[in-house]
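Asks: Shown below is the structure under consideration.
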Amino acid sequence: MLESNIEKLISGYLDSVYVISHSQASVDCYKSGLNHFNKFVQSKYEKSLEQILTALKDDSIDRYKIFQEYVIYLDKEGKKPSSIKIFVIAPKGFVKYCGIKLYNEDFKMSVKLPKRIRQREEPLTKEIILRLLNNVSAKLRTIILVTSSSGMRIGETTQLKLSDIDFDSKPTMIRICGVTTKTRESRETFLTTEATNSLKDYLTRYFDWKENEPNNLQDLVIFGRTSKSRKSIDERKTTFQKSNSSVLTNSLRRHIENIPELSKLNENGRLMVHFHAFRKYFRTVVGNAVGRDFAEALMGHHFYLDTYYNLSEEKKREMYLQAEPFLTISDYAQIEKDLRSVKQKQKQIEEQHLDLIQLIQEEHVKLPASLQKYVK
């Protein structure tokens, strides 16, 4: 088998991976898996990848044993269980793509993968997020408020266009295009008033945006270039999205690394403060306030989207507004205090109303027709 042929096979295989979700990130993961597998077979069998394929086809090498040996190799290399899984899926798929049969049941029985160790992560609190907001740039501050109040992924956030945002909606609505999501499903989510105001200030500061005035910024990638240049560039490309996400992630890390309270590590060695942590914070807060299903749907988790779509637009807004006080970061203590006070007063009024109804019924008080509906 010629080298050019194996390159064509790999290229065709990666194209088949891309066509499923149009995700360059998936292609990169599969390419990395193939590279690891290639290094393994050269080290273990002193054969090239094309020679291994030939050996697998004529059964001179056991099709399942080689993958179990590959798993052991990755484990000794210090790869995490989640990484080992994807690094095995990639060459397994490639081998099948090349016409070599691998039966899933036999593969499952013969190839044992290490179990993923689930370690507890320190949850974010409003105190931590508020401290963070006071120590980052205006751009990062806005992104943190947007992600923590909408549940969006950082990759979705970096691809937001001005045309995706409806400031006239109350609360502000964001329409997330399916092409930019991990699940390839479009959805809507919302922003708090706090995040909305921060976003408006950001747009005004960096792009001369003015509310309720005509502009040519509808195709502006909001968290792309923070300059006044309006040159037409294709900022929807995956390479841009990936690099922009990396730039923002590194920027966040630089801001927190010198603040001990913010630069703590979780048990897994990962920083406590990172962009995905804001999504987890959103799920916890919204889930506690109005229900987990609604939170998961806003975040774009496929299983919950069908239930979410059965809700009317009015009901979606109503539920988000119920959660908004708990998502608000600045002055949150006073807001939550006021909210508890309002709920307590409402409960007192409801109890007094019930007492009054009971008294009217016991005393057989006759009420005017206009008031009778209030005692039913």
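Ordering of the structure tokens sets the chain letters (A, B, ...); residue numbers start at 1 within each chain; ligands are numbered from 1 in the order shown.
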What are the closest atom pairs, with distances in Å to one decimal, for all residues of stretch 86-168 of chain A lying within 9 Å of stretch 289-298 of chain A? Consider only C-alpha atoms, order rows by chain and residue number, and present the result as a Markdown table.
Replies:
```
| residue | atom | partner | partner_atom | distance |
| --- | --- | --- | --- | --- |
| A:Ser150 | CA | A:Leu298 | CA | 7.3 |
| A:Gly151 | CA | A:Leu298 | CA | 6.6 |
| A:Met152 | CA | A:Leu298 | CA | 8.1 |
```
Asks: Just to be explicit: take each residue in the selection above, keep all heavy atoms, and write the result as a PDB file, in the first residue's frame.
Replies:
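Done, and the output landed in part_11.pdb:
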```
ATOM      1  N   SER A 150     -26.792  33.353  30.575  1.00  0.00           N
ATOM      2  CA  SER A 150     -27.458  32.728  29.430  1.00  0.00           C
ATOM      3  C   SER A 150     -27.223  31.223  29.358  1.00  0.00           C
ATOM      4  O   SER A 150     -27.988  30.507  28.708  1.00  0.00           O
ATOM      5  CB  SER A 150     -26.962  33.363  28.127  1.00  0.00           C
ATOM      6  OG  SER A 150     -25.595  33.055  27.909  1.00  0.00           O
ATOM      7  N   GLY A 151     -26.130  30.738  29.971  1.00  0.00           N
ATOM      8  CA  GLY A 151     -25.799  29.319  29.900  1.00  0.00           C
ATOM      9  C   GLY A 151     -25.133  28.917  28.600  1.00  0.00           C
ATOM     10  O   GLY A 151     -24.991  27.730  28.317  1.00  0.00           O
ATOM     11  N   MET A 152     -24.695  29.884  27.798  1.00  0.00           N
ATOM     12  CA  MET A 152     -24.062  29.566  26.520  1.00  0.00           C
ATOM     13  C   MET A 152     -22.659  29.006  26.704  1.00  0.00           C
ATOM     14  O   MET A 152     -21.966  29.341  27.651  1.00  0.00           O
ATOM     15  CB  MET A 152     -23.993  30.818  25.634  1.00  0.00           C
ATOM     16  CG  MET A 152     -25.332  31.255  25.071  1.00  0.00           C
ATOM     17  SD  MET A 152     -25.131  32.501  23.754  1.00  0.00           S
ATOM     18  CE  MET A 152     -24.409  33.831  24.690  1.00  0.00           C
TER      19      MET A 152
END
```
Asks: Restrict the calculation to only C-alpha atoms, then for each residue of stretch 162-267 of chain A with any atom at most 6 Å from an atom of stretch 121-142 of chain A give the closest atom pair and their distance in Å to one decimal, rows by chain and rising residue number, as JSON lines.
Replies:
```
{"residue": "A:Ser198", "atom": "CA", "partner": "A:Thr142", "partner_atom": "CA", "distance": 5.6}
{"residue": "A:Leu199", "atom": "CA", "partner": "A:Thr142", "partner_atom": "CA", "distance": 5.8}
{"residue": "A:Asn266", "atom": "CA", "partner": "A:Glu121", "partner_atom": "CA", "distance": 5.4}
```
Asks: Could you check how far atom CA of A:Ser169 sits from atom CA of A:Leu203, in Å to one decimal?
Replies: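 We find that atom CA of A:Ser169 and atom CA of A:Leu203 lie 17.8 Å from each other.
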Asks: Return as a tab-separated table the residues of stretch 63-173 of chain A lying at most 9 Å from stretch 32-50 of chain A, together with the closest atom-to-atom pair for each and the distance in Å to one decimal, counting only C-alpha atoms, with rows in chain order and ascending residue number.
Replies:
```
residue	atom	partner	partner_atom	distance
A:Ile66	CA	A:Val41	CA	8.7
A:Glu69	CA	A:Lys44	CA	8.8
A:Tyr70	CA	A:Phe40	CA	6.7
A:Tyr73	CA	A:Phe40	CA	7.2
A:Leu74	CA	A:His36	CA	8.2
A:Ser83	CA	A:Gly33	CA	8.9
A:Ile84	CA	A:Gly33	CA	8.6
A:Ile86	CA	A:Gly33	CA	6.8
A:Phe87	CA	A:Gly33	CA	4.0
A:Val88	CA	A:Gly33	CA	6.8
A:Ile89	CA	A:Gly33	CA	7.8
A:Ala90	CA	A:Gly33	CA	5.4
A:Pro91	CA	A:Leu34	CA	5.5
A:Phe94	CA	A:Leu34	CA	8.2
```
Asks: Taking only C-alpha atoms into account, which of A:Lys65, A:Leu220, A:Gln119, A:Gln322 comes nearest A:Asp164?
Replies: A:Leu220
Asks: So, with only C-alpha atoms as the atoms that count, which of A:His22, A:Arg205, A:Lys31, A:Lys280 lies closest to A:Glu7?
Replies: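 Result for the nearest residue to A:Glu7: A:Lys31.
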Asks: Go through A:Cys98, A:Ser186, A:Ala55, A:Thr180 one by one, measure the shortest atom-to-atom distance of each to A:Lys8 using only C-alpha atoms, and give the residue with the smallest value.
Replies: A:Cys98
Asks: Near A:Phe107, counting only C-alpha atoms, which residues have an atom at most 12 Å away, once you skip same-chain residues fewer than 3 positions from it, shown as a PyMOL selection string?
Replies: chain A and resi 62-68+88-89+92+101-104+110-113
Asks: Which residue gives the smallest distance to A:Leu321 among A:Asp168, A:Asn5, A:Thr193, A:Lys79, with only C-alpha atoms counted?
Replies: A:Thr193
Asks: When distances are computed from only C-alpha atoms, which of A:Ile6, A:Met173, A:Glu324, A:Val146 shows the smallest separation from A:Val95?
Replies: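 With only C-alpha atoms as the atom set, the closest residue is A:Ile6.
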Asks: Between A:Lys264, A:Arg153, A:His255, A:Lys347, which residue has the minimum interatomic distance to A:Phe282, considering only C-alpha atoms?
Replies: A:Arg153
Asks: For a test of reading the model, state the distance in Å between atom CA of A:Thr181 and atom CA of A:Glu314, rounded to one decimal.
Replies: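 Atom CA of A:Thr181 sits 24.3 Å away from atom CA of A:Glu314.
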Asks: Which of stretch 5-77 of chain A counts as alpha helix (DSSP H) under DSSP, as a VMD selection string please?
Replies: chain A and resid 5 to 21 24 to 44 49 to 57 65 to 76
Asks: With a distance cut-off of 10 Å and only C-alpha atoms, select the neighbouring residues of A:Glu318, excluding the residue or stretch itself and same-chain residues fewer than 6 positions from it, and output the selection as a list in words.
Replies: Lys170, Pro171, Ser312 and Glu324 of chain A
Asks: Can you spit out the residues from that selection as a PDB file, in the first residue's frame, using C-alpha atoms?
Replies:
```
ATOM      1  CA  LYS A 170     -38.034  41.605  27.789  1.00  0.00           C
ATOM      2  CA  PRO A 171     -35.869  39.949  28.945  1.00  0.00           C
ATOM      3  CA  SER A 312     -45.100  29.353  24.858  1.00  0.00           C
ATOM      4  CA  GLU A 324     -33.265  36.638  36.962  1.00  0.00           C
TER       5      GLU A 324
END
```
Asks: Identify, on the basis of only C-alpha atoms, every residue whose closest approach to A:Gly155 does not exceed 7 Å; exclude the query and any residue fewer than 2 positions from it along the same chain; express the result as an mmCIF file with N, CA, C and O atoms, in the first residue's frame.
Replies:
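The resulting file, part_29.cif, is reproduced below:
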```cif
data_model
loop_
_atom_site.group_PDB
_atom_site.id
_atom_site.type_symbol
_atom_site.label_atom_id
_atom_site.label_comp_id
_atom_site.auth_asym_id
_atom_site.auth_seq_id
_atom_site.Cartn_x
_atom_site.Cartn_y
_atom_site.Cartn_z
ATOM 1 N N ARG A 153 -22.273 28.174 25.754
ATOM 2 C CA ARG A 153 -20.892 27.697 25.697
ATOM 3 C C ARG A 153 -19.997 28.828 25.206
ATOM 4 O O ARG A 153 -20.453 29.727 24.488
ATOM 5 N N THR A 157 -20.643 31.709 22.345
ATOM 6 C CA THR A 157 -20.528 33.131 22.686
ATOM 7 C C THR A 157 -19.606 33.853 21.716
ATOM 8 O O THR A 157 -19.896 34.979 21.289
ATOM 9 N N THR A 158 -18.496 33.225 21.359
ATOM 10 C CA THR A 158 -17.523 33.886 20.477
ATOM 11 C C THR A 158 -18.028 34.019 19.048
ATOM 12 O O THR A 158 -17.428 34.738 18.251
ATOM 13 N N GLN A 159 -19.132 33.347 18.723
ATOM 14 C CA GLN A 159 -19.678 33.446 17.363
ATOM 15 C C GLN A 159 -20.964 34.262 17.297
ATOM 16 O O GLN A 159 -21.591 34.351 16.240
ATOM 17 N N GLN A 241 -13.175 30.881 15.343
ATOM 18 C CA GLN A 241 -13.882 30.592 16.586
ATOM 19 C C GLN A 241 -12.976 29.899 17.594
ATOM 20 O O GLN A 241 -12.944 30.233 18.770
ATOM 21 N N SER A 245 -11.730 31.600 21.049
ATOM 22 C CA SER A 245 -12.037 30.954 22.325
ATOM 23 C C SER A 245 -10.759 30.756 23.136
ATOM 24 O O SER A 245 -10.743 30.969 24.352
#
```
